[in-house]
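Novice: Okay, so here is entry.tsv, and as you'll see once you scroll down, it has TSV, C-alpha atoms and all ligand atoms.
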chain	number	residue	atom	x	y	z
Y	1	MET	CA	120.15	194.94	134.08
Y	2	THR	CA	120.82	194.38	130.35
Y	3	ILE	CA	120.41	197.37	128.06
Y	4	THR	CA	119.54	196.48	124.47
Y	5	GLN	CA	119.89	199.25	121.95
Y	6	THR	CA	117.93	199.15	118.70
Y	7	VAL	CA	119.48	200.38	115.48
Y	8	PRO	CA	117.74	201.79	112.40
Y	9	SER	CA	117.47	199.80	109.18
Y	10	ARG	CA	119.99	200.77	106.50
Y	11	ILE	CA	117.48	200.08	103.78
Y	12	LYS	CA	115.69	203.12	102.39
Y	13	THR	CA	111.97	202.53	102.05
Y	14	THR	CA	109.77	203.84	99.26
Y	15	ASP	CA	106.76	203.57	101.56
Y	16	PRO	CA	106.23	206.71	103.65
Y	17	LEU	CA	104.16	204.63	106.09
Y	18	HIS	CA	106.66	201.83	106.58
Y	19	GLU	CA	107.68	201.30	110.18
Y	20	PRO	CA	110.71	199.00	110.27
Y	21	TRP	CA	110.90	196.63	113.23
Y	22	GLN	CA	112.86	197.84	116.26
Y	23	LEU	CA	115.84	195.47	116.25
Y	24	THR	CA	119.22	195.36	117.90
Y	25	GLU	CA	122.37	195.23	115.76
Y	26	ALA	CA	122.69	191.50	116.49
Y	27	GLU	CA	119.07	190.84	115.47
Y	28	ARG	CA	119.51	192.86	112.28
Y	29	GLU	CA	122.65	190.89	111.48
Y	30	VAL	CA	120.66	187.63	111.59
Y	31	PHE	CA	118.24	189.01	108.96
Y	32	ARG	CA	121.12	190.40	106.87
Y	33	GLN	CA	122.85	187.03	106.90
Y	34	ARG	CA	119.64	185.27	105.90
Y	35	SER	CA	119.13	187.75	103.02
Y	36	ARG	CA	122.73	187.34	101.85
Y	37	GLU	CA	122.40	183.55	101.78
Y	38	SER	CA	119.08	183.73	100.01
Y	39	ARG	CA	120.43	186.23	97.43
Y	40	GLN	CA	123.45	184.03	96.73
Y	41	ALA	CA	121.27	180.93	96.34
Y	42	ARG	CA	118.90	182.84	94.03
Y	43	LEU	CA	121.75	184.16	91.87
Y	44	ALA	CA	123.23	180.67	91.65
Y	45	ALA	CA	119.82	179.28	90.61
Y	46	MET	CA	119.35	181.99	87.98
Y	47	SER	CA	122.78	181.33	86.49
Y	48	GLY	CA	121.92	177.62	86.17
Y	49	ALA	CA	124.25	176.56	89.01
Y	50	GLY	CA	121.48	175.73	91.50
Y	51	GLN	CA	119.60	172.48	92.11
Y	52	PRO	CA	117.66	171.15	89.15
Y	53	PRO	CA	113.96	172.21	89.26
Y	54	VAL	CA	111.66	170.00	91.32
Y	55	HIS	CA	108.35	171.18	89.85
Y	56	GLU	CA	106.95	172.18	86.49
Y	57	ILE	CA	105.58	175.65	85.77
Y	58	ASN	CA	102.06	175.56	87.17
Y	59	HIS	CA	98.91	176.32	85.21
Y	60	PRO	CA	96.29	177.63	87.65
Y	61	ARG	CA	92.75	176.24	87.63
Y	62	PHE	CA	91.18	179.10	89.57
Y	63	ASP	CA	89.72	181.99	87.57
Y	64	PRO	CA	88.71	184.92	89.83
Y	65	LEU	CA	86.83	186.63	86.99
Y	66	ALA	CA	84.38	183.72	86.90
Y	67	LEU	CA	83.38	184.72	90.47
Y	68	MET	CA	82.70	188.31	89.37
Y	69	PRO	CA	80.48	188.39	86.27
Y	70	SER	CA	80.71	191.94	84.98
Y	71	LYS	CA	77.56	194.04	85.49
Y	72	PRO	CA	76.64	196.94	83.20
Y	73	ASN	CA	78.91	199.84	84.07
Y	74	GLY	CA	78.56	203.50	84.62
Y	75	SER	CA	75.39	204.79	86.20
Y	76	LEU	CA	76.66	204.59	89.80
Y	77	GLY	CA	79.70	206.77	90.45
Y	78	ALA	CA	82.27	205.78	93.07
Y	79	LEU	CA	85.20	207.50	94.77
Y	80	SER	CA	88.04	205.25	95.89
Y	81	LEU	CA	90.18	206.33	98.85
Y	82	PHE	CA	93.29	204.43	100.02
Y	83	SER	CA	93.02	202.46	96.79
Y	84	GLY	CA	96.24	200.44	97.23
Y	85	GLY	CA	96.66	197.89	94.45
Y	86	GLY	CA	92.94	198.07	93.67
Y	87	GLY	CA	91.16	195.10	95.29
Y	88	LEU	CA	88.09	197.12	96.28
Y	89	ASP	CA	88.27	199.07	93.02
Y	90	LEU	CA	88.20	195.96	90.85
Y	91	GLY	CA	85.30	194.44	92.79
Y	92	PHE	CA	83.28	197.66	92.56
Y	93	GLU	CA	84.03	198.04	88.86
Y	94	ARG	CA	82.87	194.47	88.10
Y	95	ALA	CA	79.71	195.20	90.13
Y	96	GLY	CA	78.87	198.06	87.77
Y	97	PHE	CA	80.32	201.15	89.47
Y	98	GLY	CA	82.17	203.78	87.45
Y	99	HIS	CA	85.12	205.29	89.33
Y	100	LEU	CA	85.24	209.09	89.43
Y	101	GLY	CA	88.70	209.08	91.00
Y	102	ALA	CA	91.14	207.04	93.09
Y	103	TRP	CA	93.55	208.35	95.76
Y	104	GLU	CA	96.60	206.41	96.92
Y	105	ILE	CA	99.74	207.78	98.57
Y	106	LEU	CA	102.06	205.00	97.31
Y	107	GLU	CA	103.27	205.84	93.82
Y	108	ASP	CA	103.84	202.17	92.89
Y	109	ALA	CA	100.28	201.27	93.84
Y	110	ALA	CA	98.92	204.23	91.85
Y	111	GLN	CA	101.00	202.95	88.94
Y	112	THR	CA	99.30	199.54	89.25
Y	113	LEU	CA	95.90	201.22	88.93
Y	114	ARG	CA	96.96	203.40	85.99
Y	115	ALA	CA	98.38	200.42	84.11
Y	116	ALA	CA	95.25	198.32	84.78
Y	117	ARG	CA	92.80	201.13	84.00
Y	118	PRO	CA	94.44	203.87	81.89
Y	119	SER	CA	91.16	205.80	81.66
Y	120	TRP	CA	90.79	206.22	85.45
Y	121	ASP	CA	91.61	209.45	87.23
Y	122	VAL	CA	94.29	208.09	89.57
Y	123	HIS	CA	95.96	210.42	92.10
Y	124	GLY	CA	99.23	208.96	93.35
Y	125	GLY	CA	102.09	209.96	95.64
Y	126	ALA	CA	101.74	213.40	97.29
Y	127	ASP	CA	98.80	214.12	94.94
Y	128	GLY	CA	97.16	210.92	96.19
Y	129	ASP	CA	97.35	211.87	99.86
Y	130	VAL	CA	93.72	212.09	101.00
Y	131	ARG	CA	94.65	214.56	103.74
Y	132	GLY	CA	94.94	217.39	101.23
Y	133	VAL	CA	91.69	216.81	99.34
Y	134	ASP	CA	88.58	219.00	99.49
Y	135	TRP	CA	85.88	216.40	98.82
Y	136	THR	CA	82.95	218.82	98.61
Y	137	ARG	CA	83.40	219.12	94.83
Y	138	PHE	CA	82.14	215.53	94.48
Y	139	ARG	CA	78.91	216.21	96.35
Y	140	GLY	CA	75.97	215.13	94.20
Y	141	ASN	CA	78.18	213.10	91.79
Y	142	ALA	CA	79.34	210.11	93.80
Y	143	ALA	CA	76.78	207.48	94.78
Y	144	VAL	CA	79.39	205.65	96.84
Y	145	VAL	CA	82.62	206.40	98.67
Y	146	HIS	CA	84.69	203.31	99.40
Y	147	GLY	CA	88.05	202.72	101.03
Y	148	GLY	CA	90.20	200.63	103.28
Y	149	PRO	CA	92.11	202.96	105.63
Y	150	PRO	CA	95.51	201.52	106.63
Y	151	CYS	CA	95.09	198.50	108.89
Y	152	GLN	CA	98.49	198.62	110.66
Y	153	PRO	CA	97.17	200.65	113.65
Y	154	PHE	CA	94.66	197.86	114.43
Y	155	SER	CA	96.26	194.68	113.15
Y	156	HIS	CA	97.20	191.82	115.52
Y	157	ALA	CA	100.45	191.66	113.54
Y	158	GLY	CA	101.31	195.22	114.68
Y	159	LYS	CA	101.39	197.12	117.97
Y	160	GLN	CA	97.64	197.92	117.86
Y	161	ARG	CA	98.20	201.57	118.80
Y	162	GLY	CA	94.91	202.60	117.19
Y	163	GLU	CA	94.46	206.37	117.13
Y	164	ASP	CA	97.95	206.89	118.64
Y	165	ASP	CA	99.43	205.50	115.45
Y	166	PRO	CA	100.13	208.31	112.94
Y	167	ARG	CA	98.93	205.96	110.20
Y	168	ASP	CA	95.38	205.99	111.52
Y	169	MET	CA	93.38	207.47	108.64
Y	170	TRP	CA	89.83	206.67	109.75
Y	171	PRO	CA	89.13	210.34	110.58
Y	172	GLU	CA	90.04	211.16	106.97
Y	173	PHE	CA	87.63	208.55	105.62
Y	174	VAL	CA	84.88	209.94	107.86
Y	175	ARG	CA	85.66	213.49	106.69
Y	176	ALA	CA	85.40	212.41	103.04
Y	177	VAL	CA	81.99	210.80	103.59
Y	178	LEU	CA	80.68	213.84	105.45
Y	179	GLU	CA	81.92	216.19	102.72
Y	180	VAL	CA	80.75	214.13	99.72
Y	181	GLN	CA	77.47	212.97	101.31
Y	182	PRO	CA	77.22	209.91	99.03
Y	183	ASP	CA	74.14	207.66	99.03
Y	184	ALA	CA	76.26	204.91	100.56
Y	185	PHE	CA	79.75	204.13	101.75
Y	186	VAL	CA	81.75	200.97	102.23
Y	187	ALA	CA	84.84	200.81	104.43
Y	188	GLU	CA	87.01	197.83	105.18
Y	189	ASN	CA	89.65	196.90	107.73
Y	190	VAL	CA	91.21	193.99	109.59
Y	191	ALA	CA	88.79	191.93	111.68
Y	192	ALA	CA	90.58	193.21	114.83
Y	193	LEU	CA	88.87	196.59	114.39
Y	194	GLY	CA	85.61	194.88	115.29
Y	195	THR	CA	86.93	193.55	118.62
Y	196	ALA	CA	86.29	194.92	122.12
Y	197	ARG	CA	89.77	196.48	122.21
Y	198	PHE	CA	88.72	199.10	119.66
Y	199	SER	CA	85.02	199.42	120.46
Y	200	ASP	CA	85.41	202.87	122.11
Y	201	TYR	CA	87.55	204.07	119.24
Y	202	VAL	CA	85.08	202.79	116.62
Y	203	ASP	CA	82.20	204.38	118.49
Y	204	ARG	CA	83.87	207.79	118.85
Y	205	THR	CA	85.62	208.03	115.49
Y	206	ILE	CA	83.28	206.24	113.10
Y	207	VAL	CA	79.86	205.43	114.52
Y	208	ARG	CA	78.98	208.72	116.23
Y	209	PRO	CA	80.02	211.16	113.46
Y	210	LEU	CA	78.65	209.04	110.61
Y	211	GLY	CA	75.67	207.60	112.50
Y	212	LYS	CA	74.04	211.06	112.60
Y	213	HIS	CA	73.61	210.95	108.81
Y	214	TYR	CA	73.85	207.26	107.88
Y	215	THR	CA	72.36	203.95	108.90
Y	216	LEU	CA	75.39	201.79	109.63
Y	217	GLN	CA	75.77	198.06	109.17
Y	218	ARG	CA	78.79	196.02	110.23
Y	219	LEU	CA	79.80	192.65	108.89
Y	220	VAL	CA	82.75	190.31	108.98
Y	221	MET	CA	83.44	188.67	105.64
Y	222	GLN	CA	85.49	185.52	105.19
Y	223	ALA	CA	87.14	185.33	101.75
Y	224	CYS	CA	86.70	181.57	101.31
Y	225	ASP	CA	82.92	182.02	101.73
Y	226	TYR	CA	83.07	183.87	98.40
Y	227	GLY	CA	85.16	181.37	96.43
Y	228	VAL	CA	88.60	182.85	97.20
Y	229	PRO	CA	91.08	180.04	98.06
Y	230	GLN	CA	92.29	181.81	101.21
Y	231	SER	CA	91.23	182.14	104.82
Y	232	ARG	CA	90.94	185.88	105.34
Y	233	ARG	CA	88.49	187.66	107.63
Y	234	ARG	CA	87.77	191.31	107.09
Y	235	PHE	CA	85.61	193.82	108.97
Y	236	VAL	CA	83.32	195.84	106.72
Y	237	PHE	CA	81.19	198.89	107.41
Y	238	VAL	CA	78.33	199.69	105.06
Y	239	GLY	CA	76.35	202.91	105.49
Y	240	PHE	CA	73.24	204.23	103.74
Y	241	LYS	CA	72.01	207.82	103.80
Y	242	SER	CA	68.38	206.85	103.21
Y	243	PRO	CA	66.83	204.73	105.98
Y	244	ALA	CA	64.45	203.21	103.39
Y	245	ILE	CA	67.38	202.05	101.23
Y	246	ALA	CA	69.16	200.76	104.34
Y	247	ARG	CA	66.08	198.65	105.14
Y	248	ARG	CA	66.04	197.03	101.73
Y	249	TRP	CA	69.76	196.22	101.76
Y	250	ALA	CA	70.54	192.54	102.17
Y	251	ALA	CA	74.00	191.58	103.48
Y	252	PRO	CA	75.99	189.62	100.89
Y	253	ALA	CA	75.32	185.92	101.50
Y	254	PRO	CA	78.16	183.41	101.11
Y	255	THR	CA	78.38	182.01	97.60
Y	256	HIS	CA	80.77	179.11	98.45
Y	257	ARG	CA	81.71	176.77	101.27
Y	258	PRO	CA	85.27	175.92	102.43
Y	259	PRO	CA	86.89	172.83	100.89
Y	260	GLY	CA	86.06	169.64	102.78
Y	261	SER	CA	83.10	171.20	104.62
Y	262	MET	CA	79.64	169.59	104.73
Y	263	ASP	CA	77.67	169.93	101.51
Y	264	ASP	CA	75.12	172.70	102.05
Y	265	GLY	CA	74.27	173.14	98.38
Y	266	LEU	CA	76.91	175.80	97.76
Y	267	PRO	CA	79.90	175.07	95.51
Y	268	GLU	CA	83.16	174.25	97.29
Y	269	THR	CA	85.95	176.82	97.27
Y	270	MET	CA	89.13	175.40	95.76
Y	271	GLY	CA	92.04	174.56	98.01
Y	272	MET	CA	95.35	176.33	97.42
Y	273	ARG	CA	96.96	173.44	95.51
Y	274	GLU	CA	93.96	172.94	93.25
Y	275	ALA	CA	93.66	176.71	92.62
Y	276	LEU	CA	97.32	176.94	91.62
Y	277	GLY	CA	97.12	173.83	89.44
Y	278	LEU	CA	99.58	171.76	91.53
Y	279	PRO	CA	99.63	167.94	91.46
Y	280	ASP	CA	97.30	166.11	93.85
Y	281	ILE	CA	99.20	165.05	97.01
Y	282	GLY	CA	96.09	163.80	98.81
Y	283	ALA	CA	95.80	166.99	100.92
Y	284	ASP	CA	94.51	170.45	100.20
Y	285	ALA	CA	93.15	173.44	102.10
Y	286	VAL	CA	92.67	177.15	101.55
Y	287	CYS	CA	95.78	179.30	101.79
Y	288	PRO	CA	96.39	180.79	105.27
Y	289	THR	CA	95.83	184.55	105.51
Y	290	ILE	CA	98.37	186.27	103.30
Y	291	ARG	CA	100.44	188.71	105.31
Y	292	SER	CA	99.07	192.26	105.13
Y	293	ALA	CA	100.94	195.46	104.64
Y	294	LEU	CA	104.48	196.39	103.92
Y	295	THR	CA	105.86	195.43	107.31
Y	296	GLY	CA	108.87	193.53	108.53
Y	297	PRO	CA	112.50	193.94	109.47
Y	298	ARG	CA	113.42	194.45	105.82
Y	299	HIS	CA	111.47	194.55	102.60
Y	300	THR	CA	110.06	191.11	102.99
Y	301	THR	CA	109.18	188.76	100.18
Y	302	SER	CA	107.49	186.31	102.55
Y	303	ILE	CA	103.70	186.06	102.81
Y	304	LEU	CA	103.87	184.15	106.09
Y	305	ASN	CA	101.68	185.55	108.85
Y	306	SER	CA	102.00	183.14	111.77
Y	307	VAL	CA	103.42	179.87	113.04
Y	308	SER	CA	100.13	178.09	112.43
Y	309	ALA	CA	100.22	179.36	108.82
Y	310	GLN	CA	103.70	177.88	108.45
Y	311	ARG	CA	102.37	174.45	109.50
Y	312	ILE	CA	99.64	174.62	106.86
Y	313	PHE	CA	102.08	175.63	104.13
Y	314	GLU	CA	104.36	172.76	105.15
Y	315	SER	CA	101.54	170.22	105.09
Y	316	LEU	CA	100.57	171.42	101.61
Y	317	GLN	CA	104.21	171.38	100.46
Y	318	VAL	CA	104.22	175.05	99.51
Y	319	TRP	CA	107.10	177.41	100.38
Y	320	PRO	CA	105.77	180.85	101.37
Y	321	ASN	CA	109.10	182.72	101.72
Y	322	GLY	CA	111.26	184.32	99.06
Y	323	VAL	CA	108.31	184.68	96.68
Y	324	ALA	CA	109.69	184.81	93.13
Y	325	PRO	CA	108.76	187.52	90.61
Y	326	THR	CA	107.53	185.03	87.99
Y	327	ARG	CA	106.52	181.36	87.72
Y	328	GLU	CA	109.65	180.69	85.65
Y	329	ALA	CA	111.88	182.19	88.36
Y	330	ALA	CA	110.02	180.22	91.07
Y	331	ARG	CA	110.67	176.96	89.23
Y	332	ALA	CA	114.37	177.77	88.73
Y	333	PHE	CA	114.99	178.75	92.38
Y	334	VAL	CA	114.41	175.50	94.27
Y	335	ALA	CA	113.18	175.96	97.86
Y	336	LYS	CA	115.44	174.62	100.63
Y	337	ASN	CA	112.94	171.90	101.54
Y	338	GLY	CA	112.04	171.09	97.92
Y	339	HIS	CA	108.49	172.43	98.27
Y	340	PHE	CA	106.66	174.43	95.59
Y	341	ARG	CA	107.94	178.02	95.56
Y	342	LEU	CA	105.26	180.69	95.14
Y	343	SER	CA	105.51	183.50	92.61
Y	344	VAL	CA	103.91	186.97	92.60
Y	345	PRO	CA	101.20	185.90	90.09
Y	346	ASP	CA	100.38	182.89	92.31
Y	347	VAL	CA	100.01	185.08	95.40
Y	348	ALA	CA	97.85	187.55	93.44
Y	349	LEU	CA	95.63	184.65	92.37
Y	350	LEU	CA	95.29	183.38	95.95
Y	351	GLN	CA	94.09	186.89	96.82
Y	352	GLY	CA	91.45	186.72	94.05
Y	353	PHE	CA	93.13	188.94	91.44
Y	354	PRO	CA	92.90	187.82	87.80
Y	355	ALA	CA	96.10	187.27	85.80
Y	356	SER	CA	95.36	190.42	83.76
Y	357	TRP	CA	95.79	192.65	86.87
Y	358	ARG	CA	99.54	193.33	87.09
Y	359	PHE	CA	101.21	194.95	90.08
Y	360	ALA	CA	103.90	197.63	89.75
Y	361	GLY	CA	107.12	197.97	91.73
Y	362	ALA	CA	109.75	195.71	93.27
Y	363	VAL	CA	108.67	192.23	94.42
Y	364	TYR	CA	108.19	193.28	98.08
Y	365	MET	CA	106.08	196.23	96.94
Y	366	ARG	CA	103.92	194.07	94.67
Y	367	LEU	CA	103.41	191.60	97.52
Y	368	GLY	CA	102.60	194.50	99.87
Y	369	GLN	CA	99.86	195.74	97.53
Y	370	ILE	CA	98.46	192.22	97.19
Y	371	GLY	CA	98.61	191.52	100.93
Y	372	ASN	CA	96.92	194.84	101.73
Y	373	ALA	CA	94.04	194.26	99.35
Y	374	VAL	CA	90.46	193.28	99.82
Y	375	ALA	CA	90.06	190.09	97.78
Y	376	PRO	CA	88.23	191.42	94.69
Y	377	PRO	CA	85.46	188.73	94.79
Y	378	VAL	CA	84.73	189.81	98.40
Y	379	ALA	CA	84.63	193.46	97.31
Y	380	TYR	CA	82.37	192.41	94.42
Y	381	ALA	CA	79.92	190.66	96.77
Y	382	VAL	CA	79.52	193.71	99.00
Y	383	ALA	CA	79.47	196.12	96.02
Y	384	CYS	CA	76.67	194.10	94.35
Y	385	SER	CA	74.67	194.18	97.58
Y	386	VAL	CA	75.00	197.98	97.74
Y	387	ALA	CA	74.22	198.44	94.02
Y	388	ASP	CA	71.10	196.25	94.38
Y	389	ALA	CA	69.85	198.34	97.29
Y	390	LEU	CA	70.54	201.66	95.54
Y	391	ARG	CA	69.01	200.63	92.19
Y	392	ARG	CA	65.83	198.96	93.40
X	1	LIG	C1	94.61	198.57	103.43
X	1	LIG	S1	95.38	199.36	102.09
X	1	LIG	C2	94.02	199.54	100.98
X	1	LIG	C3	93.83	198.35	100.10
X	1	LIG	C4	92.77	198.55	99.06
X	1	LIG	N1	91.50	198.89	99.63
X	1	LIG	C5	92.61	197.29	98.21
X	1	LIG	O1	91.56	196.65	98.31
X	1	LIG	O2	93.52	196.96	97.46
X	1	LIG	C6	95.56	201.02	102.66
X	1	LIG	C7	96.21	201.93	101.66
X	1	LIG	O3	96.12	203.28	102.13
X	1	LIG	C8	97.25	203.95	101.62
X	1	LIG	N2	97.38	205.22	102.37
X	1	LIG	C9	97.84	205.37	103.63
X	1	LIG	N3	97.78	206.69	103.99
X	1	LIG	C10	97.26	207.36	102.94
X	1	LIG	C11	96.96	208.72	102.71
X	1	LIG	N4	97.18	209.65	103.62
X	1	LIG	N5	96.40	209.05	101.52
X	1	LIG	C12	96.18	208.10	100.57
X	1	LIG	N6	96.47	206.80	100.73
X	1	LIG	C13	97.00	206.42	101.90
X	1	LIG	C14	98.37	202.95	101.81
X	1	LIG	O4	99.49	203.25	101.01
X	1	LIG	C15	97.68	201.64	101.43
X	1	LIG	O5	97.91	201.33	100.08
What would you get if you wrote out this structure as structure tokens?
Ligand SMILES: C[S@@+](CC[C@H](N)C(=O)[O-])C[C@H]1O[C@@H](n2cnc3c(N)ncnc32)[C@H](O)[C@@H]1O
Specialist:
Amino acid sequence: MTITQTVPSRIKTTDPLHEPWQLTEAEREVFRQRSRESRQARLAAMSGAGQPPVHEINHPRFDPLALMPSKPNGSLGALSLFSGGGGLDLGFERAGFGHLGAWEILEDAAQTLRAARPSWDVHGGADGDVRGVDWTRFRGNAAVVHGGPPCQPFSHAGKQRGEDDPRDMWPEFVRAVLEVQPDAFVAENVAALGTARFSDYVDRTIVRPLGKHYTLQRLVMQACDYGVPQSRRRFVFVGFKSPAIARRWAAPAPTHRPPGSMDDGLPETMGMREALGLPDIGADAVCPTIRSALTGPRHTTSILNSVSAQRIFESLQVWPNGVAPTREAARAFVAKNGHFRLSVPDVALLQGFPASWRFAGAVYMRLGQIGNAVAPPVAYAVACSVADALRR
């Protein structure tokens, strides 16, 4: 019998929820070697000793703000839990909600929100931990509570330990709704939460406690149905306190169709190359699902999620690993296979964030916030549907 012993990562994480992969010393050494080579190549490129650039700095054609016309703000108050880098927050704001407060345990993510919206009441770090908050003080003020509890306990990319994973925060979201008693709530997670594997869990932890007071609706939203140049399915719960309001709610209908699909009267979502403003190579498609969460053997700067995603990136001549901090740095650091290297602003755009929304922290942390987010135009679509029902 062979005994393989795993060893802890030597890299300190700034994410209290990060679970490094369980790897043997030999496996870790492979990743270390890869990082060393990549760092050396990057340093050489930055000092001008690398290969000459193979692409120009790109000028994106996709404007996420055009998908989210701003609605008059203020009359509907919202509380944001597990705010991350602010995907849901931005969508709700554009749909006319005024945020009464945002809670996020990661200090870098809280910093993103503060920089984007200095007037918001952002609670970050230990102060942003929802577990310590008495929500009853918001009763009567907040029309909506929204949040995306961490998806790692349910994600196909993880171990799917559900409630046995200490990162499962659904009970905290449920507690907040029961304490605040808002008119409506919206909660989001990976599509896997809606599968049979978690149906008992969902029933016990979410549906039964909230269903006594709210009419619940479930939907799966695909980002490219809302004009976002990415394939990304998310499970969404919407709940209304008033049965009459629940009856007049209409689920957000798709506003776009995927590139290359049959014309059904809706505008076509841009493919990844078109969205990023890359030259026409005769092929385009939406970006594969951007990797969620701050996972991986080390602090990864790859957005690759699967082998099938790798094939799509290859066919579109886009390099999804070693994402560069800026477009200038991406151009200077030529990818091994000569394909277009992505930058943080490109990845943010493919997730539906406008260029004005800047992420704080190291590159892996910025990518983690982006990959964890609800694409803002998707958040906007569901937020508009809720606002319409509440205001009518
Ligand atoms: C799926 S992400 C949310 C993404 C966000 N809804 C968006 O659209 O950008 C979940 C977030 O919950 C945060 N989180 C996890 N545990 C928390 C806790 N106890 N209190 C506050 N935030 C927490 C994580 O740091 C992560 O940013």
Novice: Got a sec to check which residues lie within 7 Å of ligand LIG 1 (chain X), using all atoms listed in the file, and send them as a PyMOL selection string?
Specialist: chain Y and resi 17+81-89+103-106+109+128-131+147-151+167+169+189+369-370+372-375
Novice: Please report the interatomic distance between CA of Ala381 in chain Y and CA of Gly91 in chain Y in Å with one decimal.
Specialist: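 Computing it gives 7.7 Å between the two atoms.
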Novice: Choose the residue, out of Y:Gly260, Y:Gly282, Y:Pro166, Y:Pro64, that has the smallest atom-to-atom separation from Tyr380 in chain Y; count only C-alpha atoms.
Specialist: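 Checking each of Y:Gly260, Y:Gly282, Y:Pro166, Y:Pro64 against Tyr380 in chain Y, counting only C-alpha atoms, the winner is Y:Pro64.
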Novice: I'd like the contact shell of Val144 in chain Y - 10 Å cut-off, all atoms listed in the file, skipping same-chain residues fewer than 2 positions apart - returned as a list in words.
Specialist: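 Residues meeting the cut-off are Leu76, Gly77, Ala78, Leu79, Ser80, Phe92, Phe97, Gly98, His99, Asn141, Ala142, His146, Val177, Val180, Gln181, Pro182, Asp183, Ala184, Phe185, Val186, Gly239, Phe240, Ala383, Val386, Ala387 and Leu390 of chain Y.
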Novice: Which of these, Y:Arg358, Y:Arg139, Y:Arg94, Y:Arg273, has the shortest distance to Val378 in chain Y once you count only C-alpha atoms?
Specialist: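 Once distances to Val378 in chain Y are computed over only C-alpha atoms, the minimum belongs to Y:Arg94.
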Novice: Of the residues Y:Arg331, Y:Glu268, Y:Val207, Y:Leu216, which is the one nearest to Pro243 in chain Y, using all atoms listed in the file?
Specialist: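 Among the listed residues, Y:Leu216 lies closest to Pro243 in chain Y.
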Novice: Report, in Å to a single decimal, how far apart CA of Thr255 in chain Y and CA of Phe313 in chain Y are.
Specialist: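 Distance between the two atoms: 25.4 Å.
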Novice: One decimal, Å: what's the distance from CA of Asp134 in chain Y over to CA of Arg204 in chain Y, could you say?
Specialist: 22.9 Å
Novice: Closest to Ser35 in chain Y among Y:Ser385, Y:Asn73, Y:Ser343, Y:Asn321, using all atoms listed in the file?
Specialist: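 Of the candidates, the smallest distance to Ser35 in chain Y is held by Y:Asn321.
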Novice: Find the residues with any atom within 12 Å of (94.9, 208.4, 86.8); use all atoms listed in the file and the coordinates as given in the file, and write the answer as a PyMOL selection string.
Specialist: chain Y and resi 80+83+99-104+107+109-125+127-128
Novice: Rank Y:Val323, Y:Arg197, Y:Gln317, Y:Ala329 by their smallest atom-to-atom distance to Thr300 in chain Y, using only C-alpha atoms, and report the top residue only.
Specialist: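 That would be Y:Val323, the residue with the smallest distance to Thr300 in chain Y.
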Novice: From the set Y:Gly371, Y:Gly211, Y:Pro258, Y:Pro252, which residue has the shortest atom-to-atom contact distance to Thr301 in chain Y, counting all atoms listed in the file?
Specialist: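 Going through Y:Gly371, Y:Gly211, Y:Pro258, Y:Pro252 one by one, the smallest distance to Thr301 in chain Y is for Y:Gly371.
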Novice: Under the rule of at most 7 Å, produce a per-residue listing of range 261-346 of chain Y near range 223-232 of chain Y: chain, number, name, the closest pair of atoms, and the distance in Å, as a Markdown table, using all atoms listed in the file.
Specialist:
| residue | atom | partner | partner_atom | distance |
| --- | --- | --- | --- | --- |
| Y:Thr269 | CA | Y:Gly227 | CA | 4.7 |
| Y:Met270 | CA | Y:Pro229 | CA | 5.5 |
| Y:Gly271 | CA | Y:Pro229 | CA | 5.6 |
| Y:Met272 | CA | Y:Pro229 | CA | 5.7 |
| Y:Ala275 | CA | Y:Pro229 | CA | 6.9 |
| Y:Val286 | CA | Y:Gln230 | CA | 4.7 |
| Y:Cys287 | CA | Y:Gln230 | CA | 4.3 |
| Y:Pro288 | CA | Y:Ser231 | CA | 5.4 |
| Y:Thr289 | CA | Y:Arg232 | CA | 5.1 |
Novice: Could you list, as a PyMOL selection string, every residue within 9 Å of range 42-57 of chain Y, counting only C-alpha atoms and ignoring same-chain residues fewer than 3 positions away?
Specialist: chain Y and resi 37-39+278+327-335+338-341
